[in-house]
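Participant: If it helps, the file is called work_8.cif and holds mmCIF, C-alpha atoms and all ligand atoms:
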data_model
loop_
_atom_site.group_PDB
_atom_site.id
_atom_site.type_symbol
_atom_site.label_atom_id
_atom_site.label_comp_id
_atom_site.auth_asym_id
_atom_site.auth_seq_id
_atom_site.Cartn_x
_atom_site.Cartn_y
_atom_site.Cartn_z
ATOM 1 C CA MET A 18 127.444 -44.951 87.837
ATOM 2 C CA ASP A 19 129.849 -47.902 87.517
ATOM 3 C CA LYS A 20 132.657 -47.619 90.045
ATOM 4 C CA TYR A 21 136.318 -48.582 89.674
ATOM 5 C CA CYS A 22 139.414 -47.863 91.736
ATOM 6 C CA VAL A 23 143.103 -48.572 92.127
ATOM 7 C CA PHE A 24 144.305 -50.143 95.390
ATOM 8 C CA GLY A 25 147.843 -49.438 96.568
ATOM 9 C CA ASN A 26 150.094 -48.034 99.264
ATOM 10 C CA PRO A 27 151.324 -45.408 98.541
ATOM 11 C CA ILE A 28 148.727 -44.381 95.963
ATOM 12 C CA LYS A 29 148.607 -40.577 95.874
ATOM 13 C CA GLN A 30 151.037 -40.482 92.946
ATOM 14 C CA SER A 31 148.881 -42.791 90.794
ATOM 15 C CA ARG A 32 148.022 -41.560 87.291
ATOM 16 C CA SER A 33 145.345 -44.245 86.874
ATOM 17 C CA PRO A 34 142.320 -42.006 87.692
ATOM 18 C CA PHE A 35 143.464 -39.477 85.080
ATOM 19 C CA ILE A 36 144.099 -42.210 82.507
ATOM 20 C CA HIS A 37 140.797 -44.042 83.033
ATOM 21 C CA GLN A 38 138.700 -40.872 83.164
ATOM 22 C CA SER A 39 140.347 -39.838 79.881
ATOM 23 C CA PHE A 40 139.573 -43.235 78.339
ATOM 24 C CA ALA A 41 135.976 -42.905 79.548
ATOM 25 C CA LYS A 42 135.663 -39.523 77.861
ATOM 26 C CA THR A 43 137.093 -40.640 74.522
ATOM 27 C CA THR A 44 135.014 -43.862 74.418
ATOM 28 C CA LYS A 45 131.881 -42.132 75.758
ATOM 29 C CA GLN A 46 131.620 -44.443 78.757
ATOM 30 C CA ILE A 47 130.152 -43.247 82.026
ATOM 31 C CA LEU A 48 132.136 -44.391 85.036
ATOM 32 C CA HIS A 49 133.869 -43.226 88.183
ATOM 33 C CA TYR A 50 137.493 -44.169 88.984
ATOM 34 C CA GLU A 51 139.317 -43.238 92.175
ATOM 35 C CA THR A 52 142.430 -44.092 94.182
ATOM 36 C CA CYS A 53 142.101 -46.194 97.316
ATOM 37 C CA LEU A 54 144.864 -46.066 99.905
ATOM 38 C CA VAL A 55 144.968 -49.459 101.634
ATOM 39 C CA GLU A 56 146.560 -50.201 105.016
ATOM 40 C CA LEU A 57 149.328 -52.768 104.611
ATOM 41 C CA ASP A 58 147.293 -55.396 106.487
ATOM 42 C CA GLY A 59 143.944 -54.294 105.093
ATOM 43 C CA PHE A 60 143.846 -55.441 101.482
ATOM 44 C CA THR A 61 141.179 -58.177 101.740
ATOM 45 C CA GLU A 62 138.914 -55.914 103.755
ATOM 46 C CA ALA A 63 139.357 -53.035 101.291
ATOM 47 C CA VAL A 64 138.446 -55.251 98.330
ATOM 48 C CA ASN A 65 135.397 -56.695 100.101
ATOM 49 C CA ASP A 66 134.259 -53.178 101.096
ATOM 50 C CA PHE A 67 134.542 -52.022 97.501
ATOM 51 C CA ILE A 68 132.569 -55.035 96.261
ATOM 52 C CA ALA A 69 129.897 -54.312 98.893
ATOM 53 C CA LYS A 70 129.654 -50.771 97.509
ATOM 54 C CA GLU A 71 128.984 -52.304 94.080
ATOM 55 C CA GLY A 72 132.445 -51.630 92.663
ATOM 56 C CA LYS A 73 132.736 -53.237 89.232
ATOM 57 C CA GLY A 74 136.488 -53.610 89.020
ATOM 58 C CA ALA A 75 139.834 -52.449 90.321
ATOM 59 C CA ASN A 76 143.459 -52.094 89.465
ATOM 60 C CA VAL A 77 146.014 -53.253 91.989
ATOM 61 C CA THR A 78 149.471 -51.827 92.453
ATOM 62 C CA ALA A 79 152.364 -52.303 94.884
ATOM 63 C CA PRO A 80 152.507 -53.959 97.294
ATOM 64 C CA PHE A 81 149.274 -55.913 96.813
ATOM 65 C CA LYS A 82 149.585 -57.613 93.406
ATOM 66 C CA GLU A 83 150.406 -61.073 94.829
ATOM 67 C CA GLN A 84 147.737 -60.812 97.516
ATOM 68 C CA ALA A 85 145.210 -59.824 94.851
ATOM 69 C CA MET A 86 145.993 -63.044 93.020
ATOM 70 C CA SER A 87 145.183 -65.162 96.064
ATOM 71 C CA MET A 88 141.734 -63.546 96.372
ATOM 72 C CA CYS A 89 140.635 -64.456 92.840
ATOM 73 C CA ASP A 90 138.139 -67.168 91.961
ATOM 74 C CA GLU A 91 139.395 -67.297 88.381
ATOM 75 C CA LEU A 92 142.701 -66.272 86.791
ATOM 76 C CA THR A 93 143.853 -65.831 83.219
ATOM 77 C CA GLU A 94 146.916 -67.665 81.927
ATOM 78 C CA HIS A 95 148.888 -64.394 81.985
ATOM 79 C CA ALA A 96 148.064 -63.877 85.657
ATOM 80 C CA LYS A 97 149.002 -67.452 86.571
ATOM 81 C CA PHE A 98 152.404 -67.184 84.889
ATOM 82 C CA SER A 99 153.178 -63.767 86.312
ATOM 83 C CA GLY A 100 152.153 -64.761 89.844
ATOM 84 C CA ALA A 101 150.450 -61.410 90.246
ATOM 85 C CA VAL A 102 147.248 -59.612 89.356
ATOM 86 C CA ASN A 103 146.816 -55.949 88.447
ATOM 87 C CA THR A 104 143.218 -56.083 87.209
ATOM 88 C CA LEU A 105 140.264 -57.356 89.219
ATOM 89 C CA THR A 106 136.750 -57.703 87.859
ATOM 90 C CA PHE A 107 133.808 -58.223 90.212
ATOM 91 C CA LYS A 108 130.985 -60.048 88.476
ATOM 92 C CA ASN A 109 128.245 -62.491 89.489
ATOM 93 C CA GLY A 110 129.628 -62.795 93.007
ATOM 94 C CA LYS A 111 133.072 -63.813 91.742
ATOM 95 C CA ILE A 112 136.475 -62.145 91.527
ATOM 96 C CA TYR A 113 138.290 -62.488 88.194
ATOM 97 C CA GLY A 114 142.000 -61.668 87.998
ATOM 98 C CA ASP A 115 144.205 -60.704 85.091
ATOM 99 C CA THR A 116 147.509 -58.955 84.591
ATOM 100 C CA THR A 117 147.885 -56.462 81.783
ATOM 101 C CA ASP A 118 151.408 -55.104 82.356
ATOM 102 C CA GLY A 119 153.061 -57.446 79.859
ATOM 103 C CA VAL A 120 150.584 -56.744 77.076
ATOM 104 C CA GLY A 121 151.017 -53.032 77.857
ATOM 105 C CA LEU A 122 154.780 -53.392 77.380
ATOM 106 C CA VAL A 123 154.495 -55.412 74.167
ATOM 107 C CA ASN A 124 151.962 -53.007 72.666
ATOM 108 C CA ASP A 125 154.186 -50.053 73.526
ATOM 109 C CA LEU A 126 157.183 -51.705 71.862
ATOM 110 C CA LEU A 127 155.095 -52.440 68.761
ATOM 111 C CA ALA A 128 153.723 -48.870 68.748
ATOM 112 C CA ASN A 129 157.345 -47.691 68.691
ATOM 113 C CA ASN A 130 157.972 -49.909 65.647
ATOM 114 C CA VAL A 131 160.152 -52.312 67.601
ATOM 115 C CA CYS A 132 160.053 -55.766 66.062
ATOM 116 C CA ILE A 133 160.184 -58.398 68.807
ATOM 117 C CA LYS A 134 159.761 -61.347 66.460
ATOM 118 C CA ASN A 135 163.127 -63.034 65.803
ATOM 119 C CA SER A 136 164.931 -60.517 68.045
ATOM 120 C CA ARG A 137 167.367 -61.342 70.811
ATOM 121 C CA VAL A 138 165.804 -59.818 73.914
ATOM 122 C CA LEU A 139 167.571 -59.198 77.223
ATOM 123 C CA LEU A 140 165.348 -58.669 80.253
ATOM 124 C CA LEU A 141 167.177 -57.156 83.220
ATOM 125 C CA GLY A 142 165.762 -58.148 86.614
ATOM 126 C CA ALA A 143 163.743 -61.058 87.944
ATOM 127 C CA GLY A 144 161.306 -59.409 90.338
ATOM 128 C CA GLY A 145 157.561 -58.947 89.946
ATOM 129 C CA ALA A 146 157.916 -56.461 87.079
ATOM 130 C CA SER A 147 159.981 -58.923 85.081
ATOM 131 C CA LYS A 148 157.836 -61.984 85.804
ATOM 132 C CA GLY A 149 154.756 -60.189 84.510
ATOM 133 C CA VAL A 150 156.125 -59.563 81.024
ATOM 134 C CA VAL A 151 157.779 -62.882 80.124
ATOM 135 C CA LEU A 152 154.750 -64.671 78.627
ATOM 136 C CA PRO A 153 153.567 -61.730 76.486
ATOM 137 C CA LEU A 154 157.145 -61.271 75.207
ATOM 138 C CA LEU A 155 157.431 -64.988 74.374
ATOM 139 C CA ASN A 156 154.094 -64.806 72.552
ATOM 140 C CA GLN A 157 155.772 -62.392 70.109
ATOM 141 C CA MET A 158 158.214 -65.187 69.167
ATOM 142 C CA PRO A 159 161.584 -63.580 69.850
ATOM 143 C CA LYS A 160 164.678 -65.483 68.706
ATOM 144 C CA SER A 161 165.723 -65.599 72.352
ATOM 145 C CA LEU A 162 164.709 -64.122 75.682
ATOM 146 C CA THR A 163 167.455 -63.954 78.293
ATOM 147 C CA ILE A 164 166.681 -62.956 81.862
ATOM 148 C CA ALA A 165 169.716 -61.556 83.688
ATOM 149 C CA ASN A 166 169.554 -60.888 87.388
ATOM 150 C CA ARG A 167 171.882 -60.062 90.279
ATOM 151 C CA THR A 168 170.415 -63.083 92.094
ATOM 152 C CA VAL A 169 170.597 -65.627 89.266
ATOM 153 C CA SER A 170 168.441 -68.208 91.073
ATOM 154 C CA LYS A 171 165.444 -65.854 90.809
ATOM 155 C CA ALA A 172 165.865 -65.627 87.039
ATOM 156 C CA GLU A 173 166.232 -69.423 86.885
ATOM 157 C CA ALA A 174 163.010 -69.865 88.848
ATOM 158 C CA ILE A 175 161.117 -67.844 86.217
ATOM 159 C CA VAL A 176 162.660 -69.840 83.371
ATOM 160 C CA GLU A 177 161.643 -73.128 85.035
ATOM 161 C CA GLN A 178 157.977 -72.185 84.679
ATOM 162 C CA TYR A 179 158.197 -72.518 80.902
ATOM 163 C CA THR A 180 158.897 -75.428 78.574
ATOM 164 C CA ASP A 181 159.935 -75.447 74.915
ATOM 165 C CA GLN A 182 160.666 -71.738 74.830
ATOM 166 C CA PRO A 183 163.827 -69.886 73.719
ATOM 167 C CA LEU A 184 164.215 -68.675 77.294
ATOM 168 C CA SER A 185 167.297 -68.669 79.535
ATOM 169 C CA ALA A 186 168.608 -67.184 82.764
ATOM 170 C CA CYS A 187 172.063 -65.823 83.522
ATOM 171 C CA SER A 188 174.174 -63.438 85.573
ATOM 172 C CA PHE A 189 174.935 -59.907 84.393
ATOM 173 C CA ASP A 190 178.520 -61.055 83.709
ATOM 174 C CA LYS A 191 177.296 -63.769 81.333
ATOM 175 C CA ALA A 192 174.889 -61.350 79.641
ATOM 176 C CA ASN A 193 177.802 -58.982 79.053
ATOM 177 C CA GLU A 194 179.425 -61.655 76.859
ATOM 178 C CA GLN A 195 176.439 -61.833 74.466
ATOM 179 C CA GLU A 196 174.709 -59.616 71.880
ATOM 180 C CA PHE A 197 171.131 -58.360 72.008
ATOM 181 C CA ASP A 198 168.702 -56.424 69.817
ATOM 182 C CA ILE A 199 166.395 -55.260 72.606
ATOM 183 C CA ILE A 200 167.347 -54.571 76.247
ATOM 184 C CA ILE A 201 164.530 -54.051 78.746
ATOM 185 C CA ASN A 202 165.227 -52.794 82.251
ATOM 186 C CA ALA A 203 162.862 -54.284 84.815
ATOM 187 C CA THR A 204 165.161 -53.819 87.806
ATOM 188 C CA SER A 205 164.614 -51.164 90.426
ATOM 189 C CA ALA A 206 168.314 -50.268 90.198
ATOM 190 C CA GLY A 207 167.658 -47.004 88.353
ATOM 191 C CA LEU A 208 165.230 -45.898 91.019
ATOM 192 C CA THR A 209 167.664 -46.443 93.863
ATOM 193 C CA GLY A 210 170.386 -44.534 92.039
ATOM 194 C CA HIS A 211 172.622 -47.574 91.582
ATOM 195 C CA GLY A 212 173.810 -48.272 88.067
ATOM 196 C CA ILE A 213 172.729 -51.409 86.263
ATOM 197 C CA PRO A 214 175.767 -53.668 85.903
ATOM 198 C CA ILE A 215 175.719 -54.120 82.138
ATOM 199 C CA GLU A 216 178.683 -53.104 80.052
ATOM 200 C CA GLU A 217 178.587 -50.280 77.512
ATOM 201 C CA LYS A 218 179.560 -52.619 74.679
ATOM 202 C CA LEU A 219 176.131 -54.272 74.975
ATOM 203 C CA ILE A 220 174.407 -51.049 73.920
ATOM 204 C CA THR A 221 175.149 -50.811 70.199
ATOM 205 C CA PRO A 222 173.607 -48.384 67.648
ATOM 206 C CA SER A 223 171.302 -51.180 66.471
ATOM 207 C CA CYS A 224 170.016 -51.824 69.981
ATOM 208 C CA VAL A 225 166.609 -50.771 71.346
ATOM 209 C CA CYS A 226 166.683 -49.825 75.042
ATOM 210 C CA TYR A 227 163.478 -49.791 77.090
ATOM 211 C CA ASP A 228 163.066 -48.866 80.746
ATOM 212 C CA MET A 229 159.846 -49.879 82.491
ATOM 213 C CA THR A 230 160.069 -46.815 84.726
ATOM 214 C CA TYR A 231 159.660 -43.196 83.654
ATOM 215 C CA GLY A 232 160.090 -39.682 84.925
ATOM 216 C CA LYS A 233 160.558 -36.135 83.788
ATOM 217 C CA GLU A 234 164.182 -36.918 82.952
ATOM 218 C CA LEU A 235 165.418 -40.023 81.185
ATOM 219 C CA THR A 236 166.274 -42.820 83.610
ATOM 220 C CA PRO A 237 170.028 -43.403 84.188
ATOM 221 C CA PHE A 238 169.851 -46.525 81.968
ATOM 222 C CA LEU A 239 168.216 -44.600 79.119
ATOM 223 C CA GLN A 240 170.615 -41.661 79.535
ATOM 224 C CA LYS A 241 173.483 -44.081 79.074
ATOM 225 C CA ALA A 242 171.724 -45.669 76.072
ATOM 226 C CA GLN A 243 171.234 -42.263 74.487
ATOM 227 C CA GLU A 244 174.899 -41.325 75.026
ATOM 228 C CA LEU A 245 175.853 -44.570 73.304
ATOM 229 C CA ASN A 246 173.565 -43.796 70.330
ATOM 230 C CA ALA A 247 171.181 -46.692 70.858
ATOM 231 C CA LYS A 248 168.735 -46.968 67.967
ATOM 232 C CA ASN A 249 165.710 -46.313 70.122
ATOM 233 C CA VAL A 250 165.375 -45.184 73.741
ATOM 234 C CA ILE A 251 161.916 -45.657 75.277
ATOM 235 C CA ASP A 252 160.643 -45.132 78.815
ATOM 236 C CA GLY A 253 157.746 -46.913 80.525
ATOM 237 C CA LEU A 254 155.075 -44.216 80.232
ATOM 238 C CA GLY A 255 153.566 -45.951 77.197
ATOM 239 C CA MET A 256 153.518 -49.235 79.106
ATOM 240 C CA LEU A 257 151.638 -47.526 81.939
ATOM 241 C CA VAL A 258 148.958 -46.217 79.582
ATOM 242 C CA GLY A 259 148.960 -49.487 77.637
ATOM 243 C CA GLN A 260 148.285 -51.658 80.688
ATOM 244 C CA ALA A 261 145.469 -49.302 81.685
ATOM 245 C CA ALA A 262 143.964 -49.571 78.184
ATOM 246 C CA GLU A 263 143.931 -53.379 78.511
ATOM 247 C CA SER A 264 142.215 -53.162 81.918
ATOM 248 C CA PHE A 265 139.659 -50.736 80.498
ATOM 249 C CA ASP A 266 138.946 -53.167 77.651
ATOM 250 C CA ILE A 267 138.479 -56.064 80.098
ATOM 251 C CA TRP A 268 135.934 -54.044 82.106
ATOM 252 C CA ARG A 269 134.131 -52.127 79.377
ATOM 253 C CA GLY A 270 134.631 -54.205 76.225
ATOM 254 C CA VAL A 271 136.072 -51.198 74.388
ATOM 255 C CA LYS A 272 139.732 -50.635 73.565
ATOM 256 C CA PRO A 273 140.564 -46.944 74.071
ATOM 257 C CA ALA A 274 143.172 -45.062 72.041
ATOM 258 C CA VAL A 275 146.465 -44.851 73.925
ATOM 259 C CA ASP A 276 148.159 -41.974 72.072
ATOM 260 C CA PRO A 277 146.088 -38.940 73.191
ATOM 261 C CA VAL A 278 146.394 -39.890 76.883
ATOM 262 C CA LEU A 279 150.080 -40.637 76.518
ATOM 263 C CA HIS A 280 150.554 -37.241 74.931
ATOM 264 C CA ASP A 281 148.713 -35.477 77.810
ATOM 265 C CA LEU A 282 150.616 -37.427 80.463
ATOM 266 C CA ARG A 283 153.955 -36.622 78.838
ATOM 267 C CA ALA A 284 153.036 -32.948 78.764
ATOM 268 C CA SER A 285 152.032 -32.949 82.424
ATOM 269 C CA LEU A 286 155.285 -34.737 83.381
ATOM 270 C CA ASN A 287 157.276 -32.045 81.583
ATOM 271 C CA GLU A 288 155.382 -29.266 83.369
ATOM 272 C CA ARG A 289 156.354 -30.523 86.812
HETATM 273 P P1 LIG B 301 159.532 -55.228 91.167
HETATM 274 O O1 LIG B 301 158.211 -55.736 91.628
HETATM 275 O O2 LIG B 301 159.543 -53.773 90.782
HETATM 276 O O3 LIG B 301 160.129 -56.088 90.098
HETATM 277 P P2 LIG B 301 161.234 -56.471 93.091
HETATM 278 O O4 LIG B 301 160.391 -57.692 93.021
HETATM 279 O O5 LIG B 301 161.713 -55.992 94.415
HETATM 280 O O6 LIG B 301 160.487 -55.243 92.434
HETATM 281 O O7 LIG B 301 162.510 -56.702 92.117
HETATM 282 C C1 LIG B 301 163.499 -55.759 91.980
HETATM 283 C C2 LIG B 301 164.473 -56.224 90.904
HETATM 284 O O8 LIG B 301 165.509 -55.247 90.757
HETATM 285 C C3 LIG B 301 165.187 -57.524 91.221
HETATM 286 O O9 LIG B 301 165.470 -58.210 90.026
HETATM 287 C C4 LIG B 301 166.473 -57.034 91.892
HETATM 288 O O10 LIG B 301 167.563 -57.964 91.849
HETATM 289 P P3 LIG B 301 167.681 -59.134 92.973
HETATM 290 O O11 LIG B 301 166.633 -60.134 92.620
HETATM 291 O O12 LIG B 301 169.051 -59.643 92.824
HETATM 292 O O13 LIG B 301 167.422 -58.439 94.299
HETATM 293 C C5 LIG B 301 166.777 -55.863 91.010
HETATM 294 N N1 LIG B 301 167.677 -54.882 91.639
HETATM 295 C C6 LIG B 301 167.381 -54.023 92.638
HETATM 296 N N2 LIG B 301 168.451 -53.234 92.934
HETATM 297 C C7 LIG B 301 169.465 -53.631 92.074
HETATM 298 C C8 LIG B 301 170.817 -53.222 91.851
HETATM 299 N N3 LIG B 301 171.363 -52.239 92.583
HETATM 300 N N4 LIG B 301 171.527 -53.833 90.892
HETATM 301 C C9 LIG B 301 170.985 -54.809 90.152
HETATM 302 N N5 LIG B 301 169.716 -55.263 90.310
HETATM 303 C C10 LIG B 301 168.959 -54.685 91.252
#
Could you render the structure as structure tokens?
Facilitator:
Amino acid sequence: MDKYCVFGNPIKQSRSPFIHQSFAKTTKQILHYETCLVELDGFTEAVNDFIAKEGKGANVTAPFKEQAMSMCDELTEHAKFSGAVNTLTFKNGKIYGDTTDGVGLVNDLLANNVCIKNSRVLLLGAGGASKGVVLPLLNQMPKSLTIANRTVSKAEAIVEQYTDQPLSACSFDKANEQEFDIIINATSAGLTGHGIPIEEKLITPSCVCYDMTYGKELTPFLQKAQELNAKNVIDGLGMLVGQAAESFDIWRGVKPAVDPVLHDLRASLNER
């Protein structure tokens, strides 16, 4: 049976085995997918062990996405721009790397009827999560994509990677002076309990608010957006399933339906 896994630390919380086994069922593929807890200094060894056991592919999550990139023989354009890899494919003695987070985000926005084309998009944060979604967002031809970050130089460094794109970097203060159609939170501020320093006036009733994280309750950013009657308030569960669907397609050549798995995951989140 073809074997796949997800490498990470911690990894117990990962929903990837559930998602991929569900995809396998609905597409009638036969495969095994498991979690693999990796010691912080043991990533290369873990990957080589898995290849030796005839593993066909793997997902990679924190904190190994950059390290995964450096192990690859070949990288897609998306992976090169994002500086990280979340999908490894082991084939013909080579390691192929891709990143599917950004396509997962874009597909989730489109599935929620959010039109990115010609929109003014604000991306909050300039860490790994943010870097991984810039190219797929630009491919949708927004009117503008503004990256705001506490440390502005990190946002500027992302912008410098691109030429001839409607892309800019700024501080939160500068972002607060502008208007946006879509605001995407890619900071970890919500997770740490700190508020994101954007002003309420930015969240208008015509604004779509997206948070890349998810939980049983709405994230603090999305709670605020809901209070302010934002047009659409979307958490990152669809992005999670969407990135997995892209990985599954890369490995198996079949694109699984996202909705049934998303529905099951949402139900299991609510039961907790
Ligand atoms: P990830 O891989 O999840 O993106 P990361 O690379 O550590 O994680 O990036 C975290 C992001 O959240 C960064 O943009 C960080 O801002 P800085 O670059 O200025 O550190 C942002 N962030 C974390 N805590 C924050 C807070 N309290 N307020 C605003 N931004 C915050």
Participant: Return as a compact mmCIF listing (two decimals) with C-alpha atoms, in the coordinates of the input the set of residues that the PyMOL selection byres (((chain A and resi 231-234) around 8) and not hetatm) yields on the displayed structure.
Facilitator:
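Listing of out06.txt after writing:
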# COMPACT_ATOMS: atom_id res chain seq x y z
CA ASP A 228 163.07 -48.87 80.75
CA MET A 229 159.85 -49.88 82.49
CA THR A 230 160.07 -46.82 84.73
CA LEU A 235 165.42 -40.02 81.18
CA THR A 236 166.27 -42.82 83.61
CA ASP A 252 160.64 -45.13 78.82
CA GLY A 253 157.75 -46.91 80.53
CA LEU A 254 155.07 -44.22 80.23
CA LEU A 286 155.28 -34.74 83.38
CA ASN A 287 157.28 -32.04 81.58
CA ARG A 289 156.35 -30.52 86.81
Participant: If you measure from CA of Gln240 (chain A) to CA of Val131 (chain A), what distance in Å do you get, rounded to one decimal?
Facilitator: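 Spanning CA of Gln240 (chain A) to CA of Val131 (chain A) is a straight-line distance of 19.1 Å.
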Participant: All residues within 12 Å of ligand LIG 301 (chain B) are required, counting all atoms listed in the file; please report them as a VMD selection string.
Facilitator: chain A and resid 78 to 83 99 to 103 118 140 to 150 164 to 175 186 to 190 202 to 215 228 to 230 238
Participant: Those selected residues, please, written with C-alpha atoms and delivered as a PDB file, in the frame of the given file.
Facilitator:
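Generated file (out_13.pdb):
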ATOM      1  CA  THR A  78     149.471 -51.827  92.453  1.00  0.00           C
ATOM      2  CA  ALA A  79     152.364 -52.303  94.884  1.00  0.00           C
ATOM      3  CA  PRO A  80     152.507 -53.959  97.294  1.00  0.00           C
ATOM      4  CA  PHE A  81     149.274 -55.913  96.813  1.00  0.00           C
ATOM      5  CA  LYS A  82     149.585 -57.613  93.406  1.00  0.00           C
ATOM      6  CA  GLU A  83     150.406 -61.073  94.829  1.00  0.00           C
ATOM      7  CA  SER A  99     153.178 -63.767  86.312  1.00  0.00           C
ATOM      8  CA  GLY A 100     152.153 -64.761  89.844  1.00  0.00           C
ATOM      9  CA  ALA A 101     150.450 -61.410  90.246  1.00  0.00           C
ATOM     10  CA  VAL A 102     147.248 -59.612  89.356  1.00  0.00           C
ATOM     11  CA  ASN A 103     146.816 -55.949  88.447  1.00  0.00           C
ATOM     12  CA  ASP A 118     151.408 -55.104  82.356  1.00  0.00           C
ATOM     13  CA  LEU A 140     165.348 -58.669  80.253  1.00  0.00           C
ATOM     14  CA  LEU A 141     167.177 -57.156  83.220  1.00  0.00           C
ATOM     15  CA  GLY A 142     165.762 -58.148  86.614  1.00  0.00           C
ATOM     16  CA  ALA A 143     163.743 -61.058  87.944  1.00  0.00           C
ATOM     17  CA  GLY A 144     161.306 -59.409  90.338  1.00  0.00           C
ATOM     18  CA  GLY A 145     157.561 -58.947  89.946  1.00  0.00           C
ATOM     19  CA  ALA A 146     157.916 -56.461  87.079  1.00  0.00           C
ATOM     20  CA  SER A 147     159.981 -58.923  85.081  1.00  0.00           C
ATOM     21  CA  LYS A 148     157.836 -61.984  85.804  1.00  0.00           C
ATOM     22  CA  GLY A 149     154.756 -60.189  84.510  1.00  0.00           C
ATOM     23  CA  VAL A 150     156.125 -59.563  81.024  1.00  0.00           C
ATOM     24  CA  ILE A 164     166.681 -62.956  81.862  1.00  0.00           C
ATOM     25  CA  ALA A 165     169.716 -61.556  83.688  1.00  0.00           C
ATOM     26  CA  ASN A 166     169.554 -60.888  87.388  1.00  0.00           C
ATOM     27  CA  ARG A 167     171.882 -60.062  90.279  1.00  0.00           C
ATOM     28  CA  THR A 168     170.415 -63.083  92.094  1.00  0.00           C
ATOM     29  CA  VAL A 169     170.597 -65.627  89.266  1.00  0.00           C
ATOM     30  CA  SER A 170     168.441 -68.208  91.073  1.00  0.00           C
ATOM     31  CA  LYS A 171     165.444 -65.854  90.809  1.00  0.00           C
ATOM     32  CA  ALA A 172     165.865 -65.627  87.039  1.00  0.00           C
ATOM     33  CA  GLU A 173     166.232 -69.423  86.885  1.00  0.00           C
ATOM     34  CA  ALA A 174     163.010 -69.865  88.848  1.00  0.00           C
ATOM     35  CA  ILE A 175     161.117 -67.844  86.217  1.00  0.00           C
ATOM     36  CA  ALA A 186     168.608 -67.184  82.764  1.00  0.00           C
ATOM     37  CA  CYS A 187     172.063 -65.823  83.522  1.00  0.00           C
ATOM     38  CA  SER A 188     174.174 -63.438  85.573  1.00  0.00           C
ATOM     39  CA  PHE A 189     174.935 -59.907  84.393  1.00  0.00           C
ATOM     40  CA  ASP A 190     178.520 -61.055  83.709  1.00  0.00           C
ATOM     41  CA  ASN A 202     165.227 -52.794  82.251  1.00  0.00           C
ATOM     42  CA  ALA A 203     162.862 -54.284  84.815  1.00  0.00           C
ATOM     43  CA  THR A 204     165.161 -53.819  87.806  1.00  0.00           C
ATOM     44  CA  SER A 205     164.614 -51.164  90.426  1.00  0.00           C
ATOM     45  CA  ALA A 206     168.314 -50.268  90.198  1.00  0.00           C
ATOM     46  CA  GLY A 207     167.658 -47.004  88.353  1.00  0.00           C
ATOM     47  CA  LEU A 208     165.230 -45.898  91.019  1.00  0.00           C
ATOM     48  CA  THR A 209     167.664 -46.443  93.863  1.00  0.00           C
ATOM     49  CA  GLY A 210     170.386 -44.534  92.039  1.00  0.00           C
ATOM     50  CA  HIS A 211     172.622 -47.574  91.582  1.00  0.00           C
ATOM     51  CA  GLY A 212     173.810 -48.272  88.067  1.00  0.00           C
ATOM     52  CA  ILE A 213     172.729 -51.409  86.263  1.00  0.00           C
ATOM     53  CA  PRO A 214     175.767 -53.668  85.903  1.00  0.00           C
ATOM     54  CA  ILE A 215     175.719 -54.120  82.138  1.00  0.00           C
ATOM     55  CA  ASP A 228     163.066 -48.866  80.746  1.00  0.00           C
ATOM     56  CA  MET A 229     159.846 -49.879  82.491  1.00  0.00           C
ATOM     57  CA  THR A 230     160.069 -46.815  84.726  1.00  0.00           C
ATOM     58  CA  PHE A 238     169.851 -46.525  81.968  1.00  0.00           C
TER      59      PHE A 238
END
Participant: Of the candidates A:Gly59, A:Pro237, A:Pro34, A:Gly74, which one gets nearest to Arg269 (chain A) if we count all atoms listed in the file?
Facilitator: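 Closest to Arg269 (chain A) of all the choices is A:Gly74.
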Participant: Counting all atoms listed in the file, which residues have an atom no more than 10 Å from (130.5, -49.0, 89.7) in the file's coordinates? Please list them as a list in words.
Facilitator: Met18, Asp19, Lys20, Tyr21, Cys22, Ile47, Leu48, His49, Tyr50, Phe67, Ile68, Lys70, Glu71, Gly72, Lys73, Gly74, Ala75 and Phe107 of chain A
Participant: Could you give me, as a ChimeraX atom specification, the residues within 7 Å of Ala247 (chain A), counting only C-alpha atoms and dropping anything in the same chain fewer than 5 positions from it?
Facilitator: /A:220-226,242
Participant: List the spatial neighbours of His280 (chain A) as a list in words - criterion: any atom at most 12 Å away, only C-alpha atoms, same-chain residues fewer than 4 positions off excluded.
Facilitator: Ile36, Ser39, Leu254, Gly255, Val258, Ala274, Val275, Asp276, Ala284, Ser285, Leu286 and Asn287 of chain A
Participant: Could you check the closest approach to Asn193 (chain A) for each of A:Met256, A:Leu54, A:Leu245, A:Leu139 and tell me which residue wins, using only C-alpha atoms?
Facilitator: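 Among the listed residues, the smallest separation from Asn193 (chain A) belongs to A:Leu139.
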Participant: Expand the PyMOL selection byres (((chain A and resi 138) around 9) and not hetatm) into the individual residues it matches in the shown file, reporting them as number ranges by chain.
Facilitator: A: 133, 136-137, 139-140, 154, 159-164, 197-201
Participant: Which value, in Å to one decimal, gives the distance between CA of Ala262 (chain A) and CA of Leu155 (chain A)?
Facilitator: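 Distance reported for this atom pair: 20.8 Å.
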Participant: Could you check which of A:Gln243, A:Ser264, A:Gln178, A:Asn76 is closest to Glu51 (chain A), using only C-alpha atoms?
Facilitator: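 So, comparing all the options, the nearest one is A:Asn76.
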Participant: Could you check how far CA of Leu92 (chain A) sits from CA of Leu126 (chain A), in Å to one decimal?
Facilitator: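 So the two atoms, CA of Leu92 (chain A) and CA of Leu126 (chain A), lie 25.4 Å apart.
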Participant: Got a sec: who's within 7 Å of Val55 (chain A), counting all atoms listed in the file, leaving out chain neighbours fewer than 5 positions off, as a list in words?
Facilitator: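 Close residues of Val55 (chain A): Phe24, Gly25, Asn26, Phe60 and Ala63 of chain A.
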Participant: Just the selected residues (C-alpha atoms), exported as a tab-separated table (two decimals), keeping the file's coordinate frame, please.
Facilitator:
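And here is the file that came out, out.tsv:
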chain	number	residue	atom	x	y	z
A	24	PHE	CA	144.30	-50.14	95.39
A	25	GLY	CA	147.84	-49.44	96.57
A	26	ASN	CA	150.09	-48.03	99.26
A	60	PHE	CA	143.85	-55.44	101.48
A	63	ALA	CA	139.36	-53.04	101.29
